[in-house]
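What follows is a single structure, written as structure tokens, with notes after it.
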There are 4 protein chains.
Amino acid sequence: MKALTYHGPGQKSLDDHTKPVIVAPTDAIVKITKTTICGTDLHIMKGDVPTCTPGRILGHEGVGVIETVGAAVSAFKPGDHVLISCISACGKCIYCRKNMYSHCTTGGWILGNSIDGTQAEFVRIPYADNSLYPIPAGADEEALVMLSDILPTGFECGVLNGRVQPGSIVAIVGAGPIGLAALLTAQFFSPAELIMIDLDENRLDIAKRFGATATVNSRDGKAVATIMAMTEGRGVDTVIEAVGIPATFELCEALVGPGGVIANIGVHGTQVDLHLEHLWDRNITITTRLVDTVSTPMLLNVLRSNKIDPKLLITHHFTLDKIIDAYETFGHAAKSHALKVIISA
Amino acid sequence: MKALTYHGPGQKSLDDHTKPVIVAPTDAIVKITKTTICGTDLHIMKGDVPTCTPGRILGHEGVGVIETVGAAVSAFKPGDHVLISCISACGKCIYCRKNMYSHCTTGGWILGNSIDGTQAEFVRIPYADNSLYPIPAGADEEALVMLSDILPTGFECGVLNGRVQPGSIVAIVGAGPIGLAALLTAQFFSPAELIMIDLDENRLDIAKRFGATATVNSRDGKAVATIMAMTEGRGVDTVIEAVGIPATFELCEALVGPGGVIANIGVHGTQVDLHLEHLWDRNITITTRLVDTVSTPMLLNVLRSNKIDPKLLITHHFTLDKIIDAYETFGHAAKSHALKVIISA
Amino acid sequence: MKALTYHGPGQKSLDDHTKPVIVAPTDAIVKITKTTICGTDLHIMKGDVPTCTPGRILGHEGVGVIETVGAAVSAFKPGDHVLISCISACGKCIYCRKNMYSHCTTGGWILGNSIDGTQAEFVRIPYADNSLYPIPAGADEEALVMLSDILPTGFECGVLNGRVQPGSIVAIVGAGPIGLAALLTAQFFSPAELIMIDLDENRLDIAKRFGATATVNSRDGKAVATIMAMTEGRGVDTVIEAVGIPATFELCEALVGPGGVIANIGVHGTQVDLHLEHLWDRNITITTRLVDTVSTPMLLNVLRSNKIDPKLLITHHFTLDKIIDAYETFGHAAKSHALKVIISA
Amino acid sequence: MKALTYHGPGQKSLDDHTKPVIVAPTDAIVKITKTTICGTDLHIMKGDVPTCTPGRILGHEGVGVIETVGAAVSAFKPGDHVLISCISACGKCIYCRKNMYSHCTTGGWILGNSIDGTQAEFVRIPYADNSLYPIPAGADEEALVMLSDILPTGFECGVLNGRVQPGSIVAIVGAGPIGLAALLTAQFFSPAELIMIDLDENRLDIAKRFGATATVNSRDGKAVATIMAMTEGRGVDTVIEAVGIPATFELCEALVGPGGVIANIGVHGTQVDLHLEHLWDRNITITTRLVDTVSTPMLLNVLRSNKIDPKLLITHHFTLDKIIDAYETFGHAAKSHALKVIISA
């Protein structure tokens, strides 16, 4: 079968691989119909993810059709259409029992990282009963690709951790795909203000279309002053960090009001300055999280009721044989204006 | 001044009263601009509320303008436009400190009950700093009358107590004004299904317009079967009781699914049968509540962001001198199709 | 092997049975070392549990040693000492994912009910990885038998659902084994008052020794007046129902204060009167629950730290060949003063 | 009257002052019977608290007797024995309504800071109804001085924010008075492990006597390795920072396990390094808080039930005329072994 292979920093190609087979009784083999590329895949390509070694098939998102299942799989049978979660969950370890699938002692984020992933014609899914979701008849499968990772990530790490509430004031720092996913899912809780902050006017325009009540270009260094003026000097209730660098995290520290929350989604490569000399008495909360995908059933329900249109995030389409082009487009988003790209296998 | 006076069961009239004066340093006198009639006022007129004695001016809802304030009032000054809460809160007793203003040891629901109320040209508001809310410049004051009681009641007793969640399945039993207020405010949390149940087709049509995803007329006795079919036999996550009689409460018992909540709003005059022989092992929660109006600041924020249009609930307008007609219209809602009536003073 | 068999209402005997074998890859066979009898077993013997049919081996509590495991069991191997949960959890259905194992679509309370149970030399445990717990080296295995059912039931259905808090006032109606389990585990949260109510002076004496701060014999009909006097007329914050009859549930309704909780543990056979005419505006919560045993890991940790001595609940010891005598002793608790009986296999 | 006056960094004296008088109708004048010194008072003496200007009477803790009350005070009358909260709460601003009294827009921590405090014969208490608590007859008033600040601070900022749970593993960094207050109050929730970390063997010995299950002297730089060994490499569930310097905060970052909480109590003067490169995917929570004293009623209830002995924290006694000596003793705690000193006025 064809699959996108990581060959070390900066090196990737579409190669022939042996089709995967059932290894454990809880496995399923899924024929991929649609997959996508994540910002994390770009991190891997830069060599930032040491658990991902050369030879690995990348990808941790997608939808497909069950090909075969192991003896202990009871929820799925060949032919079932399924959504693949980016997180593999054994369902029985100390962390899975706490609904913290991201830290599953034998799972977590392993697909396209420490085991072969979804940018391929077929993929082996461990713990299939806990890591796949049935696709309801008639659902738009392309839209569902957004439920593998980006929507639960924006929702769990940003919106739920950020305790977004009806009537609250929310700021999101970073209007990339993940910040936009937080923006879309924050609206489930009807905040009064949803302020998007970015440096890129194109992305701020998109944010407006996606429901931001205000946008702030932080290029001029006045974002804090602007937002303090918008909040009677109190700061915001929830600020979601969706970039992952020190400057944006420190912006969050400056924006959060007394009793507020900084919900970090960004993947950080270095330490940041935490200004406890200002924050120690401000009654704030800071959260970090790798997505657990525990909200997937809830998100499927919300989707079913048309409260959200995940396809807003999809800007480009490719076939698997053009996946190198897809990486090129996704990797130069400022120029291509790409958000998420769909790859049909 | 003119005021609507309760003279005992079935007896009311618009009379001349002495204008109220400041009694305690925490009082304010408010000139009423708009008020309304509540279902509870009809209960009083039937003689069901023994704390309300003949001679009482009725009414616990409204907006107005501050006329004078006591020496300890710091948040308001004459000329301020204010929203009147149906609940008076001292802000310092054991219950107020728990945000349970409904049980304030010297307040709670006293307006138009144990002290004179708002269906008048002027009203004395005890604990003004904790019981009035400033009206933002430019706000639609008529819409705000819905925030005195009906919207916080639907939201706190029904939606918050019912733990409505994104993607959840909600049923509301009773499409009167209070059930409709629950319907409007439940949408703050983006449930997947909002099923309205009533006997009156006109009200079910209104519910559809207000956002119900399905309506069920329970006249044929098949409401439970219908809703079980809609929920794969599991029942609903949240069922809100907005009627207040045994039959509707028992309907809620039959509809609630494992792990679900029955949130009672209805004012009950008699005991109901609780079928613990079926429910003891169903992991359900039943809640009761008199509105605390703690959500009023949150609701004002939501309103400001246009997430809800409270004026949908307003069907008729009267002036204070026609308040007897207003009672007539409101009291015969099945015929008049009245939801809430606005009375301008 | 020997096992206690239910032969229909009032009929039981210790019989020879075929040793159980692995049926599904997620099964384990456990050699029982110690088991016990539950009040529910007496309900079965009365014919109150239709899912339990003649021929069934009873029992859903115990500790033992793993004999064999199925191919998909990864957390246990032969020779491991294990605690058996009364609830079987698949770990992957809609309810297990919500930590509501009691409603597992293919599990729940099935042991000694719809499948053979633990009052035997060997038992087959479905979903072993999610339904067994490793026994730490050096633990007192007899004490751990109390963690199969009675302690998690008292804790989850009574204490957690009852929201027991530091400084709060808690009343428990019923000083049987389950009420005493609630009494022991309520102390994890340091309530200020723990009032035990019963008709039996012996059990009230035991409650005092187990940590009750006050005991009330309700025989004289003055329990409500007594407890109102103890709480400045406000009623209690949490009242735990641990009997399961209308009179005791109605006692709870009379005792609960504004904002309080009635946490039902009792197994009810008939409906009860819910006095909503008094309670509709009292801001109370009523909960029901079949134990989920989600707190078992937490309880094992608490046990390890000696914060509780479960052996206080053990009053009698028998061997498996004397299990009929054990039923006799447990079934006449008023006379034998039995709480829990240990049966060594 | 006599009072301890701050005259600028390093300058203080016991001086004659005019007795305070009622300024606002919500004020009370309290005759101090017992007060104490806080670590924050030492910060003021170093010049670290710019809101506190020369001439200020210090002190924000104490018990006393009501001398006079303003016209709007309804909960107290002359002669009442009262506990003084370190936080003044108006009970009606946006923050007080959220139970965030620390950020009261006209109150908060003002006593002995921006208005005159309690290290005096008399003190004026603003918002008396919301900032004083009645002392139950027969209570040990000296013990209650610990409820003005240190116990609610340890409990709210450390224990509640830290989400201490039955069976959880808790580490406290810093065994000074505030860390010990967290240690005492953490036991309300029955954690399995309570590990105290400090550099001072004397204070670690005290921690053992106060309920620590283990103590770790971090002088050898092996604290992280030691505690990881104690927790199977997972880290702790809750780590409470009770020092306020970068090194101790970074120790907390190294100790917190996946899903855990760092609850900061320490007063920080500089920024700290937040290692998001390690923590971004660890699902942790960091909280900061200035005590709100919302738990004071709860703590009074717990105290009444003898679940805690606050007098353990009291090591020395002085009279007001020897308050300079008291500062000397408290300020050299390493030598004097002082925890809290009581000053009788």
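We name chains A, B, ... following the order of the structure tokens; residues begin at 1 in each chain, and ligands are numbered from 1 as shown.
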Those in segment 163-216 of chain D with strand (DSSP E) from DSSP, as JSON, numbers by chain
{"D": [169, 170, 171, 172, 173, 193, 194, 195, 196, 197, 198, 214, 215, 216]}
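The list of chain A residues within 6 Å of chain D is His268, Gly269, Thr270, Gln271, Val272, Asp273, Leu274, His275, Leu276, Glu277, Trp280, Asp281, Arg282, Asn283, Ile284, Thr285, Ile286, Thr287, Thr288, Arg289 and Leu290 of chain A; this uses only C-alpha atoms.
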Write the residues you've just listed into a file as a short mmCIF file (atom, residue, chain, number, x, y, z; two decimals), in the first residue's frame, and include N, CA, C and O atoms for each of them.
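Result saved to out_7.cif:
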```cif
data_model
loop_
_atom_site.label_atom_id
_atom_site.label_comp_id
_atom_site.auth_asym_id
_atom_site.auth_seq_id
_atom_site.Cartn_x
_atom_site.Cartn_y
_atom_site.Cartn_z
N HIS A 268 4.61 24.05 23.31
CA HIS A 268 5.74 24.92 23.63
C HIS A 268 7.07 24.18 23.55
O HIS A 268 7.17 23.05 24.04
N GLY A 269 8.06 24.84 22.97
CA GLY A 269 9.39 24.24 22.88
C GLY A 269 10.36 24.77 23.91
O GLY A 269 11.42 24.19 24.12
N THR A 270 10.00 25.88 24.55
CA THR A 270 10.89 26.46 25.56
C THR A 270 10.07 26.93 26.75
O THR A 270 8.84 27.02 26.67
N GLN A 271 10.77 27.24 27.83
CA GLN A 271 10.10 27.77 29.02
C GLN A 271 9.55 29.15 28.74
O GLN A 271 9.96 29.82 27.81
N VAL A 272 8.61 29.57 29.58
CA VAL A 272 8.08 30.93 29.48
C VAL A 272 8.23 31.60 30.84
O VAL A 272 8.40 30.93 31.86
N ASP A 273 8.18 32.92 30.84
CA ASP A 273 8.23 33.68 32.10
C ASP A 273 6.82 33.73 32.69
O ASP A 273 5.90 34.23 32.04
N LEU A 274 6.69 33.25 33.91
CA LEU A 274 5.41 33.35 34.59
C LEU A 274 5.52 34.47 35.62
O LEU A 274 6.29 34.37 36.58
N HIS A 275 4.74 35.52 35.42
CA HIS A 275 4.89 36.71 36.26
C HIS A 275 4.07 36.59 37.54
O HIS A 275 3.10 37.31 37.76
N LEU A 276 4.54 35.69 38.40
CA LEU A 276 3.85 35.50 39.68
C LEU A 276 3.91 36.73 40.56
O LEU A 276 3.08 36.88 41.46
N GLU A 277 4.90 37.60 40.31
CA GLU A 277 4.95 38.84 41.12
C GLU A 277 3.71 39.70 40.88
O GLU A 277 3.33 40.50 41.74
N TRP A 280 0.29 36.33 41.67
CA TRP A 280 0.12 35.48 42.85
C TRP A 280 -1.19 35.76 43.58
O TRP A 280 -1.76 34.84 44.19
N ASP A 281 -1.69 36.99 43.53
CA ASP A 281 -2.91 37.33 44.29
C ASP A 281 -4.09 37.62 43.37
O ASP A 281 -5.05 38.26 43.79
N ARG A 282 -4.04 37.12 42.13
CA ARG A 282 -5.09 37.46 41.16
C ARG A 282 -6.14 36.36 41.02
O ARG A 282 -7.05 36.47 40.20
N ASN A 283 -6.00 35.28 41.78
CA ASN A 283 -7.00 34.20 41.77
C ASN A 283 -7.20 33.63 40.37
O ASN A 283 -8.32 33.38 39.93
N ILE A 284 -6.09 33.43 39.69
CA ILE A 284 -6.21 32.90 38.33
C ILE A 284 -5.89 31.40 38.30
O ILE A 284 -5.34 30.83 39.25
N THR A 285 -6.23 30.80 37.18
CA THR A 285 -5.96 29.39 36.93
C THR A 285 -5.27 29.29 35.58
O THR A 285 -5.65 29.97 34.63
N ILE A 286 -4.24 28.46 35.51
CA ILE A 286 -3.56 28.16 34.24
C ILE A 286 -3.70 26.66 34.01
O ILE A 286 -3.46 25.88 34.93
N THR A 287 -4.10 26.27 32.81
CA THR A 287 -4.22 24.83 32.54
C THR A 287 -3.40 24.45 31.31
O THR A 287 -3.25 25.25 30.39
N THR A 288 -2.92 23.23 31.33
CA THR A 288 -2.30 22.63 30.15
C THR A 288 -3.01 21.32 29.88
O THR A 288 -3.60 20.72 30.77
N ARG A 289 -2.95 20.85 28.64
CA ARG A 289 -3.64 19.59 28.32
C ARG A 289 -3.24 19.10 26.95
O ARG A 289 -3.19 19.87 25.99
N LEU A 290 -2.98 17.82 26.88
CA LEU A 290 -2.97 17.13 25.61
C LEU A 290 -4.39 16.60 25.46
O LEU A 290 -4.96 16.08 26.42
#
```
What gap, in Å, lies between atom CA of Leu299 of chain A and atom CA of Cys252 of chain B?
26.0 Å
To one decimal place, how far is atom CA of Ile115 of chain D from atom CA of Ile84 of chain D in Å?
14.5 Å
Just the residues within 8 Å of segment 9-20 of chain D, please, counting only C-alpha atoms, with nothing from its chain fewer than 5 positions along; format it as a list in words.
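Final neighbour list, sorted by chain and number: Met1, Lys2, Ala3, Leu4, Ile29, Ile44, Met45, Lys46, Gly47, Phe122, Val123, Arg124, Asp321, Ile323 and Ile324 of chain D.
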Run DSSP on the backbone and grab whatever in segment 41-146 of chain D lands in helix (DSSP H, G or I); send it over as a VMD selection string.
chain D and resid 41 to 46 94 to 97 101 to 103 128 to 131 141 to 146
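Nearest to Arg304 of chain B of all the residues A:Ser148, A:Thr329, A:Ser168, A:Ser218 is A:Ser168, counting only C-alpha atoms.
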